[in-house]
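See below for model_38.cif, which holds mmCIF, C-alpha atoms.
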data_run
#
loop_
_atom_site.label_atom_id
_atom_site.label_comp_id
_atom_site.auth_asym_id
_atom_site.auth_seq_id
_atom_site.Cartn_x
_atom_site.Cartn_y
_atom_site.Cartn_z
CA MET A 996 -6.83 -0.24 -28.75
CA LYS A 997 -3.30 -0.92 -27.57
CA ILE A 998 -2.81 -1.03 -23.78
CA VAL A 999 0.35 -1.48 -21.71
CA GLU A 1000 0.05 -2.65 -18.10
CA ILE A 1001 3.22 -2.10 -16.03
CA ILE A 1002 4.04 -3.75 -12.70
CA PRO A 1003 7.46 -4.69 -11.28
CA TYR A 1004 6.63 -8.30 -10.35
CA LEU A 1005 3.80 -10.79 -10.01
CA THR A 1006 3.98 -12.10 -6.46
CA SER A 1007 0.75 -13.27 -4.84
CA GLY A 1008 -0.31 -9.86 -3.49
CA GLY A 1009 -3.61 -8.15 -4.17
CA ALA A 1010 -2.30 -5.52 -6.61
CA GLU A 1011 -0.52 -8.24 -8.58
CA ARG A 1012 -3.59 -10.49 -8.58
CA PHE A 1013 -5.72 -7.57 -9.78
CA THR A 1014 -3.25 -6.73 -12.56
CA VAL A 1015 -3.31 -10.29 -13.88
CA ASP A 1016 -7.12 -10.42 -13.86
CA LEU A 1017 -7.50 -7.01 -15.49
CA THR A 1018 -4.86 -7.76 -18.13
CA ASN A 1019 -6.49 -11.08 -19.02
CA GLU A 1020 -9.93 -9.47 -19.30
CA LEU A 1021 -8.74 -6.56 -21.44
CA ALA A 1022 -6.83 -8.93 -23.73
CA GLN A 1023 -10.14 -10.37 -24.91
CA ARG A 1024 -10.89 -7.06 -26.69
CA HIS A 1025 -7.60 -5.20 -27.08
CA GLU A 1026 -3.93 -5.68 -27.83
CA VAL A 1027 -2.45 -5.85 -24.34
CA TRP A 1028 1.16 -5.86 -23.24
CA LEU A 1029 2.28 -6.71 -19.70
CA VAL A 1030 5.62 -5.14 -18.85
CA LEU A 1031 7.46 -6.58 -15.84
CA PHE A 1032 10.61 -5.10 -14.34
CA TYR A 1033 12.32 -8.18 -12.94
CA PRO A 1034 13.60 -11.12 -15.03
CA MET A 1035 10.96 -13.77 -15.68
CA CYS A 1036 13.37 -16.45 -14.50
CA ARG A 1037 12.85 -15.08 -10.98
CA THR A 1038 10.02 -17.44 -10.13
CA ASP A 1039 10.04 -16.19 -6.54
CA LEU A 1040 8.93 -12.78 -7.87
CA HIS A 1041 6.53 -14.02 -10.54
CA PHE A 1042 4.31 -16.49 -8.70
CA LEU A 1043 1.25 -15.47 -10.74
CA LEU A 1044 2.96 -15.42 -14.14
CA PRO A 1045 1.56 -18.85 -15.18
CA GLU A 1046 -1.95 -17.40 -14.84
CA VAL A 1047 -1.40 -14.68 -17.45
CA SER A 1048 -3.44 -15.37 -20.60
CA SER A 1049 -1.68 -16.49 -23.77
CA ARG A 1050 -3.40 -13.51 -25.46
CA VAL A 1051 -1.20 -11.13 -23.45
CA LYS A 1052 2.24 -10.15 -24.73
CA VAL A 1053 4.60 -10.34 -21.76
CA LEU A 1054 8.09 -8.90 -21.56
CA SER A 1055 10.65 -8.14 -18.86
CA LEU A 1056 13.03 -5.18 -18.61
CA ASP A 1057 15.55 -7.13 -16.47
CA LYS A 1058 15.78 -4.66 -13.61
CA HIS A 1059 18.94 -4.63 -11.50
CA ARG A 1060 18.82 -4.68 -7.70
CA GLY A 1061 18.16 -1.28 -6.12
CA PHE A 1062 17.65 1.87 -8.17
CA ASP A 1063 18.26 1.14 -11.86
CA ALA A 1064 18.75 4.33 -13.87
CA GLY A 1065 19.04 2.32 -17.08
CA LEU A 1066 15.55 0.96 -16.53
CA ILE A 1067 14.14 4.44 -17.22
CA HIS A 1068 15.60 4.39 -20.71
CA ARG A 1069 14.72 0.74 -21.36
CA LEU A 1070 11.14 1.45 -20.30
CA ALA A 1071 10.92 4.55 -22.51
CA ARG A 1072 12.39 2.69 -25.49
CA THR A 1073 9.92 -0.14 -25.00
CA LEU A 1074 6.95 2.22 -24.86
CA ARG A 1075 8.09 4.09 -27.96
CA THR A 1076 8.37 0.76 -29.79
CA ILE A 1077 4.94 -0.50 -28.70
CA ALA A 1078 3.33 2.95 -29.18
CA PRO A 1079 0.33 2.24 -26.92
CA ASP A 1080 -2.82 4.30 -26.59
CA VAL A 1081 -2.75 3.88 -22.80
CA VAL A 1082 -0.12 3.11 -20.18
CA HIS A 1083 -1.47 1.84 -16.85
CA CYS A 1084 0.97 1.32 -13.97
CA HIS A 1085 0.78 -0.17 -10.50
CA ILE A 1086 2.57 0.05 -7.14
CA ASN A 1087 6.25 1.06 -7.35
CA ALA A 1088 6.33 1.04 -11.13
CA PHE A 1089 5.08 4.60 -10.69
CA GLU A 1090 8.49 6.15 -10.08
CA TYR A 1091 10.04 4.75 -13.26
CA VAL A 1092 7.02 5.61 -15.42
CA PHE A 1093 7.02 9.12 -13.94
CA MET A 1094 10.73 9.69 -14.65
CA ALA A 1095 10.40 8.39 -18.21
CA LYS A 1096 7.41 10.67 -18.73
CA VAL A 1097 9.10 13.76 -17.26
CA LEU A 1098 12.17 13.23 -19.42
CA GLY A 1099 9.88 13.42 -22.42
CA HIS A 1100 10.55 9.91 -23.68
CA PHE A 1101 6.92 9.07 -24.52
CA GLY A 1102 3.68 10.95 -24.89
CA CYS A 1103 0.69 8.63 -24.50
CA ARG A 1104 -1.82 8.90 -21.67
CA CYS A 1105 -0.72 7.40 -18.35
CA TYR A 1106 -2.83 6.13 -15.47
CA TYR A 1107 -1.91 4.89 -12.00
CA THR A 1108 -4.10 2.81 -9.69
CA VAL A 1109 -3.72 3.77 -6.03
CA HIS A 1110 -3.87 0.35 -4.38
CA ASN A 1111 -3.79 1.51 -0.76
CA GLU A 1112 -4.76 4.45 1.41
CA ALA A 1113 -3.05 7.43 -0.21
CA LYS A 1114 -0.45 8.16 2.45
CA PHE A 1115 0.63 4.51 2.64
CA ASP A 1116 0.63 4.16 -1.13
CA ALA A 1117 3.01 7.15 -1.38
CA SER A 1118 5.60 5.33 0.77
CA GLY A 1119 7.09 8.41 2.34
CA TRP A 1120 7.87 12.06 1.69
CA LEU A 1121 9.58 11.67 -1.69
CA GLY A 1122 6.96 9.32 -3.11
CA GLY A 1123 4.21 11.66 -2.01
CA HIS A 1124 5.82 14.69 -3.64
CA LEU A 1125 6.47 12.85 -6.90
CA ARG A 1126 2.88 11.68 -7.06
CA ARG A 1127 1.48 15.09 -6.15
CA PHE A 1128 3.56 16.73 -8.90
CA ALA A 1129 2.55 14.13 -11.50
CA PHE A 1130 -1.14 14.24 -10.61
CA ARG A 1131 -1.41 18.04 -10.45
CA ARG A 1132 0.44 18.53 -13.73
CA GLY A 1133 -1.70 15.94 -15.48
CA LEU A 1134 1.31 13.77 -16.32
CA ILE A 1135 -0.29 10.71 -14.75
CA THR A 1136 -3.99 10.28 -13.93
CA PRO A 1137 -4.75 8.62 -10.56
CA VAL A 1138 -7.49 6.02 -10.06
CA THR A 1139 -8.73 5.08 -6.58
CA ILE A 1140 -10.30 1.72 -5.76
CA SER A 1141 -12.98 2.36 -3.11
CA ALA A 1142 -14.95 5.21 -1.57
CA GLU A 1143 -12.60 5.20 1.44
CA SER A 1144 -9.62 5.13 -0.90
CA LEU A 1145 -10.97 8.23 -2.66
CA LEU A 1146 -11.52 10.03 0.65
CA SER A 1147 -7.94 9.29 1.72
CA PHE A 1148 -6.70 10.55 -1.66
CA ARG A 1149 -8.59 13.83 -1.32
CA ALA A 1150 -7.32 14.32 2.23
CA TYR A 1151 -3.69 13.56 1.34
CA TYR A 1152 -3.38 15.31 -2.03
CA GLY A 1153 -6.10 17.97 -1.77
CA MET A 1154 -7.52 17.05 -5.16
CA ASP A 1155 -9.99 14.66 -6.75
CA ALA A 1156 -9.43 11.38 -8.58
CA ALA A 1157 -11.35 8.80 -10.57
CA LEU A 1158 -12.98 5.98 -8.61
CA ILE A 1159 -13.17 2.45 -10.02
CA PRO A 1160 -13.85 -0.25 -7.40
CA ASN A 1161 -11.50 -3.22 -7.49
CA GLY A 1162 -12.59 -6.34 -9.31
CA ARG A 1163 -11.75 -10.01 -9.34
CA LYS A 1164 -12.40 -12.92 -11.67
CA LEU A 1165 -15.27 -14.32 -9.64
CA PHE A 1166 -15.51 -17.96 -8.80
CA THR A 1167 -18.14 -20.23 -10.28
CA LYS A 1168 -20.69 -20.99 -7.57
CA THR A 1169 -21.27 -24.60 -6.58
CA GLU A 1170 -24.68 -25.66 -5.34
CA ASN A 1171 -23.49 -28.20 -2.78
CA GLN A 1172 -20.56 -26.26 -1.41
CA THR A 1173 -19.43 -27.91 1.84
CA LYS A 1174 -18.28 -25.71 4.71
CA GLU A 1175 -16.09 -27.10 7.45
CA LYS A 1176 -17.34 -25.78 10.78
CA ASN A 1177 -14.99 -23.27 12.40
CA VAL A 1178 -12.25 -23.51 9.79
CA LEU A 1179 -10.89 -19.98 9.66
CA VAL A 1180 -8.71 -18.76 6.80
CA SER A 1181 -6.48 -15.70 6.55
CA ILE A 1182 -4.94 -14.87 3.16
CA ALA A 1183 -2.31 -12.13 3.24
CA ARG A 1184 1.41 -11.62 3.02
CA PHE A 1185 3.10 -11.96 6.39
CA THR A 1186 3.72 -8.28 7.21
CA LYS A 1187 3.35 -5.96 10.18
CA VAL A 1188 0.36 -4.32 8.47
CA LYS A 1189 -1.52 -7.64 8.20
CA ARG A 1190 -0.70 -8.58 11.84
CA GLN A 1191 -0.73 -12.36 11.67
CA ASP A 1192 1.14 -12.35 14.99
CA MET A 1193 -1.74 -10.50 16.66
CA LEU A 1194 -4.18 -12.94 15.10
CA ALA A 1195 -2.20 -15.87 16.52
CA ARG A 1196 -2.33 -14.36 20.01
CA ILE A 1197 -6.08 -13.84 19.75
CA VAL A 1198 -6.85 -17.38 18.62
CA ARG A 1199 -4.62 -18.82 21.35
CA ARG A 1200 -6.64 -16.82 23.88
CA LEU A 1201 -9.89 -18.15 22.43
CA GLU A 1202 -8.54 -21.69 22.35
CA GLN A 1203 -7.66 -21.43 26.02
CA GLU A 1204 -11.25 -20.37 26.69
CA GLY A 1205 -12.49 -23.62 25.17
CA TYR A 1206 -13.28 -22.68 21.57
CA ARG A 1207 -12.35 -25.29 18.98
CA PHE A 1208 -11.33 -24.30 15.45
CA THR A 1209 -8.49 -24.36 12.94
CA LEU A 1210 -6.84 -21.21 11.62
CA GLN A 1211 -5.02 -21.52 8.30
CA LEU A 1212 -2.57 -18.71 7.56
CA ILE A 1213 -2.01 -18.48 3.81
CA GLY A 1214 0.44 -16.12 2.18
CA GLN A 1215 4.00 -15.30 1.29
CA HIS A 1216 6.40 -15.11 4.26
CA GLN A 1217 7.53 -11.61 3.33
CA ASP A 1218 8.41 -10.46 6.85
CA LYS A 1219 10.33 -13.20 8.65
CA ASP A 1220 9.95 -11.40 11.99
CA VAL A 1221 6.17 -11.68 11.75
CA LEU A 1222 6.45 -15.36 10.83
CA CYS A 1223 8.74 -16.00 13.81
CA ALA A 1224 6.33 -14.12 16.08
CA VAL A 1225 3.46 -16.36 14.93
CA GLN A 1226 5.54 -19.46 15.53
CA ALA A 1227 6.57 -18.18 18.98
CA VAL A 1228 2.92 -17.99 20.07
CA GLY A 1229 2.90 -21.79 19.81
CA CYS A 1230 -0.84 -22.16 19.24
CA ARG A 1231 -1.78 -25.69 18.17
CA CYS A 1232 -4.83 -24.55 16.22
CA VAL A 1233 -2.73 -22.40 13.85
CA GLU A 1234 -1.62 -23.97 10.58
CA ILE A 1235 0.99 -21.99 8.62
CA VAL A 1236 0.20 -22.97 5.03
CA GLY A 1237 2.37 -20.51 3.09
CA GLU A 1238 1.86 -19.36 -0.48
CA VAL A 1239 -0.64 -21.39 -2.53
CA SER A 1240 -1.85 -21.31 -6.13
CA ASN A 1241 -5.35 -22.57 -5.22
CA PRO A 1242 -6.77 -20.17 -2.58
CA LEU A 1243 -10.27 -20.98 -3.86
CA ASP A 1244 -10.03 -24.51 -2.49
CA TYR A 1245 -9.33 -23.15 1.00
CA LEU A 1246 -11.96 -20.40 0.84
CA ARG A 1247 -14.71 -22.70 -0.39
CA ARG A 1248 -14.21 -24.91 2.66
CA ALA A 1249 -13.70 -22.04 5.11
CA ASP A 1250 -16.33 -20.97 7.60
CA ALA A 1251 -14.80 -17.49 7.85
CA PHE A 1252 -12.17 -15.23 6.31
CA LEU A 1253 -10.10 -13.23 8.79
CA LEU A 1254 -8.36 -9.93 8.01
CA CYS A 1255 -7.08 -7.73 10.84
CA SER A 1256 -4.99 -5.20 8.89
CA THR A 1257 -4.11 -1.72 10.14
CA ASN A 1258 -4.75 -0.26 6.67
CA GLU A 1259 -6.10 -1.47 3.33
CA GLY A 1260 -7.16 -0.27 -0.09
CA MET A 1261 -9.84 -2.65 -1.40
CA PRO A 1262 -8.55 -6.17 -0.61
CA ILE A 1263 -8.73 -8.59 -3.53
CA SER A 1264 -8.66 -11.42 -0.98
CA LEU A 1265 -11.87 -10.04 0.54
CA ILE A 1266 -13.64 -10.17 -2.82
CA GLU A 1267 -12.37 -13.73 -3.30
CA ALA A 1268 -13.53 -14.80 0.15
CA MET A 1269 -17.01 -13.32 -0.07
CA SER A 1270 -17.59 -14.73 -3.55
CA ALA A 1271 -16.61 -18.16 -2.20
CA GLY A 1272 -19.02 -17.85 0.72
CA ALA A 1273 -16.50 -17.37 3.52
CA ILE A 1274 -17.89 -14.89 6.06
CA PRO A 1275 -15.51 -11.92 6.46
CA VAL A 1276 -14.41 -10.96 9.98
CA CYS A 1277 -12.34 -7.81 9.54
CA THR A 1278 -11.03 -4.59 10.99
CA PRO A 1279 -12.89 -1.46 9.78
CA VAL A 1280 -10.12 -0.01 7.59
CA GLY A 1281 -9.89 1.22 3.99
CA GLY A 1282 -12.33 -0.13 1.43
CA ILE A 1283 -13.37 -2.99 3.72
CA VAL A 1284 -16.06 -0.75 5.21
CA ASN A 1285 -17.42 -0.03 1.72
CA MET A 1286 -17.91 -3.72 1.03
CA VAL A 1287 -18.77 -5.27 4.41
CA ALA A 1288 -21.97 -4.06 6.06
CA ASN A 1289 -21.47 -5.02 9.70
CA SER A 1290 -23.72 -7.86 10.86
CA VAL A 1291 -25.26 -8.13 7.37
CA CYS A 1292 -22.65 -9.70 5.07
CA GLY A 1293 -19.83 -10.01 7.60
CA LEU A 1294 -18.53 -8.73 10.91
CA LEU A 1295 -16.37 -5.68 11.64
CA SER A 1296 -14.53 -4.96 14.86
CA GLU A 1297 -15.22 -1.62 16.57
CA ASP A 1298 -11.66 -0.48 15.90
CA SER A 1299 -8.28 -1.92 14.96
CA SER A 1300 -7.13 -2.82 18.48
CA GLU A 1301 -6.28 -6.37 19.51
CA ASP A 1302 -9.01 -6.47 22.16
CA SER A 1303 -11.65 -5.26 19.71
CA TYR A 1304 -10.73 -7.89 17.14
CA TYR A 1305 -10.75 -10.57 19.86
CA HIS A 1306 -14.34 -9.66 20.70
CA VAL A 1307 -15.58 -9.69 17.10
CA LEU A 1308 -13.97 -13.06 16.41
CA LYS A 1309 -15.49 -14.44 19.58
CA ARG A 1310 -18.85 -13.11 18.40
CA PHE A 1311 -18.45 -15.01 15.13
CA LEU A 1312 -17.58 -18.27 16.92
CA ASP A 1313 -20.73 -17.88 19.06
CA MET A 1314 -23.04 -17.34 16.07
CA GLN A 1315 -25.80 -19.83 15.32
CA GLU A 1316 -25.43 -21.80 12.09
CA GLU A 1317 -28.66 -20.44 10.61
CA ASN A 1318 -27.41 -16.88 11.08
CA LYS A 1319 -24.13 -17.81 9.41
CA THR A 1320 -26.02 -19.23 6.44
CA ILE A 1321 -27.95 -15.98 5.96
CA MET A 1322 -24.78 -13.89 6.29
CA ARG A 1323 -22.91 -16.15 3.87
CA LYS A 1324 -25.58 -15.69 1.19
CA GLN A 1325 -25.47 -11.93 1.69
CA ALA A 1326 -21.68 -11.94 1.31
CA MET A 1327 -21.88 -13.84 -1.98
CA HIS A 1328 -24.53 -11.44 -3.26
CA VAL A 1329 -22.38 -8.39 -2.44
CA ALA A 1330 -19.31 -9.94 -4.08
CA SER A 1331 -21.21 -10.48 -7.33
CA ALA A 1332 -20.96 -6.72 -8.02
CA TYR A 1333 -17.14 -6.85 -7.97
CA GLY A 1334 -16.48 -8.94 -11.07
CA ILE A 1335 -13.41 -8.06 -13.15
CA GLU A 1336 -15.64 -7.71 -16.22
CA THR A 1337 -17.44 -4.73 -14.68
CA CYS A 1338 -14.17 -3.27 -13.43
CA ALA A 1339 -12.49 -3.56 -16.84
CA CYS A 1340 -15.45 -1.86 -18.55
CA ARG A 1341 -15.09 1.10 -16.18
CA TYR A 1342 -11.40 1.42 -17.01
CA GLU A 1343 -12.26 1.33 -20.71
CA GLN A 1344 -14.82 4.08 -20.21
CA LEU A 1345 -12.22 6.19 -18.43
CA TRP A 1346 -9.51 5.60 -21.01
CA PHE A 1347 -11.49 5.76 -24.22
CA ALA A 1348 -14.34 8.16 -23.49
CA LYS A 1349 -14.79 10.62 -26.33
#

Before anything else, please render the file you have as structure tokens.
Amino acid sequence: MKIVEIIPYLTSGGAERFTVDLTNELAQRHEVWLVLFYPMCRTDLHFLLPEVSSRVKVLSLDKHRGFDAGLIHRLARTLRTIAPDVVHCHINAFEYVFMAKVLGHFGCRCYYTVHNEAKFDASGWLGGHLRRFAFRRGLITPVTISAESLLSFRAYYGMDAALIPNGRKLFTKTENQTKEKNVLVSIARFTKVKRQDMLARIVRRLEQEGYRFTLQLIGQHQDKDVLCAVQAVGCRCVEIVGEVSNPLDYLRRADAFLLCSTNEGMPISLIEAMSAGAIPVCTPVGGIVNMVANSVCGLLSEDSSEDSYYHVLKRFLDMQEENKTIMRKQAMHVASAYGIETCACRYEQLWFAK
């Protein structure tokens, strides 16, 4: 089969990480094309490009800044030339695929993975109406990524969708994996949704109460205001690492993985962390609650408030080491069900079912 995966860029976000993993896995059995919008010379936008398999045929449509009407025609021409069996798009590639489809430029089946809660994925009134029109008319088939994601989709659009849980290329387990006590890691883009500034305030409060730990903040500095807010807290235990190509090295050493988002789909970073044995300490949003059973394979705050997250992190820091060991093993066991191989097979079943 011939498959085209479409995504505007390959920064270090979860949707981009997922697209690379899925593309690489599918390329072992199919002819796979990866279509990017922005020029490949933009290394700031294609951080993950070096990780794309040599089996994958990669091309860029050289998108201009802002809305690029010509991109619709370049995309349609490309798809007519490739003549794929399936087109699968992600994040804000949706609008361009939708417009090319509506204008009648190509006729193959199109799918779109909803990488966040439905209303946040839609990104406003216009995005929501375009998606609702495309989904209801059968122009593009939606795929949700967790049970909570599906519930949000049903509530927002008033219709059903396919459900395929997110997957990740799981890490090879090491028998003598060394954990550094109270090394906490957060992996997420610096944005208001991820709330690294709130996390910095919480750990400063805990540090002032006598707790000793190191918090490593890993991720692209997308929102400079959030970065400045973290720096303004002035907490000595916070290490701003930035974007890295080896998150596994940090997660394998980490005692815990912290995620205090206000909304989520099914975080790829959470799958990474649990497979590496870092205990998740998270807010109860999106697909997190489908993966983390509270007090079994991780800890969840009661709600998304700052005070609630402070209390759950304090609870983690007070845990006995033997309880952490049990929870860590449970987290690794749960993560084993989220391999990209299983995920890719489910997409194949959806796309190619007779």

Practice item. Please measure the separation of atom CA of Glu1026 of chain A and atom CA of Ala1088 of chain A, giving the value in Å to one decimal. Key: 20.7 Å

Exercise for review: Give the answer as one residue: which of A:Phe1252, A:Lys1187, A:Leu1222, A:Ser1303 has the shortest atom-to-atom distance to Leu1210 of chain A, using all atoms listed in the file?
Suggested key: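 Smallest distance to Leu1210 of chain A is found for A:Phe1252.
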
Exercise for review: Name the closest residue to Ile1001 of chain A among the candidates A:Asp1155, A:Glu1301, A:Asp1192, A:Glu1090; distances are taken between atoms, counting all atoms listed in the file.
Suggested key: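 Closest to Ile1001 of chain A, using all atoms listed in the file: A:Glu1090.
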
Practice item. Find, counting only C-alpha atoms, the residue in A:His1068, A:Arg1131, A:Arg1012, A:Arg1037 that gets nearest to Gly1153 of chain A. Key: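 Selected residue with least distance to Gly1153 of chain A: A:Arg1131.
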
Exercise for review: Would you kindly identify which residues have an atom no farther than 12 Å from (0.2, -19.5, 19.1), using all atoms listed in the file and the file's own coordinates, and write them out as a ChimeraX atom specification?
Suggested key: /A:1191-1203,1209-1210,1212,1222-1235

Could you save the residues just selected, with C-alpha atoms, as a CSV table (one decimal), in the frame of the given file?
chain,number,residue,atom,x,y,z
A,1191,GLN,CA,-0.7,-12.4,11.7
A,1192,ASP,CA,1.1,-12.4,15.0
A,1193,MET,CA,-1.7,-10.5,16.7
A,1194,LEU,CA,-4.2,-12.9,15.1
A,1195,ALA,CA,-2.2,-15.9,16.5
A,1196,ARG,CA,-2.3,-14.4,20.0
A,1197,ILE,CA,-6.1,-13.8,19.8
A,1198,VAL,CA,-6.8,-17.4,18.6
A,1199,ARG,CA,-4.6,-18.8,21.4
A,1200,ARG,CA,-6.6,-16.8,23.9
A,1201,LEU,CA,-9.9,-18.2,22.4
A,1202,GLU,CA,-8.5,-21.7,22.4
A,1203,GLN,CA,-7.7,-21.4,26.0
A,1209,THR,CA,-8.5,-24.4,12.9
A,1210,LEU,CA,-6.8,-21.2,11.6
A,1212,LEU,CA,-2.6,-18.7,7.6
A,1222,LEU,CA,6.4,-15.4,10.8
A,1223,CYS,CA,8.7,-16.0,13.8
A,1224,ALA,CA,6.3,-14.1,16.1
A,1225,VAL,CA,3.5,-16.4,14.9
A,1226,GLN,CA,5.5,-19.5,15.5
A,1227,ALA,CA,6.6,-18.2,19.0
A,1228,VAL,CA,2.9,-18.0,20.1
A,1229,GLY,CA,2.9,-21.8,19.8
A,1230,CYS,CA,-0.8,-22.2,19.2
A,1231,ARG,CA,-1.8,-25.7,18.2
A,1232,CYS,CA,-4.8,-24.6,16.2
A,1233,VAL,CA,-2.7,-22.4,13.8
A,1234,GLU,CA,-1.6,-24.0,10.6
A,1235,ILE,CA,1.0,-22.0,8.6

Exercise for review: Just give me the gap between atom CA of Cys1084 of chain A and atom CA of Pro1242 of chain A in Å, one decimal is fine.
Suggested key: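 Those two atoms sit 25.5 Å apart.
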
Point to revise | Between atom CA of Gly1123 of chain A and atom CA of Gly1065 of chain A, distance in Å (one decimal) | key: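 We find that atom CA of Gly1123 of chain A and atom CA of Gly1065 of chain A lie 23.1 Å from each other.
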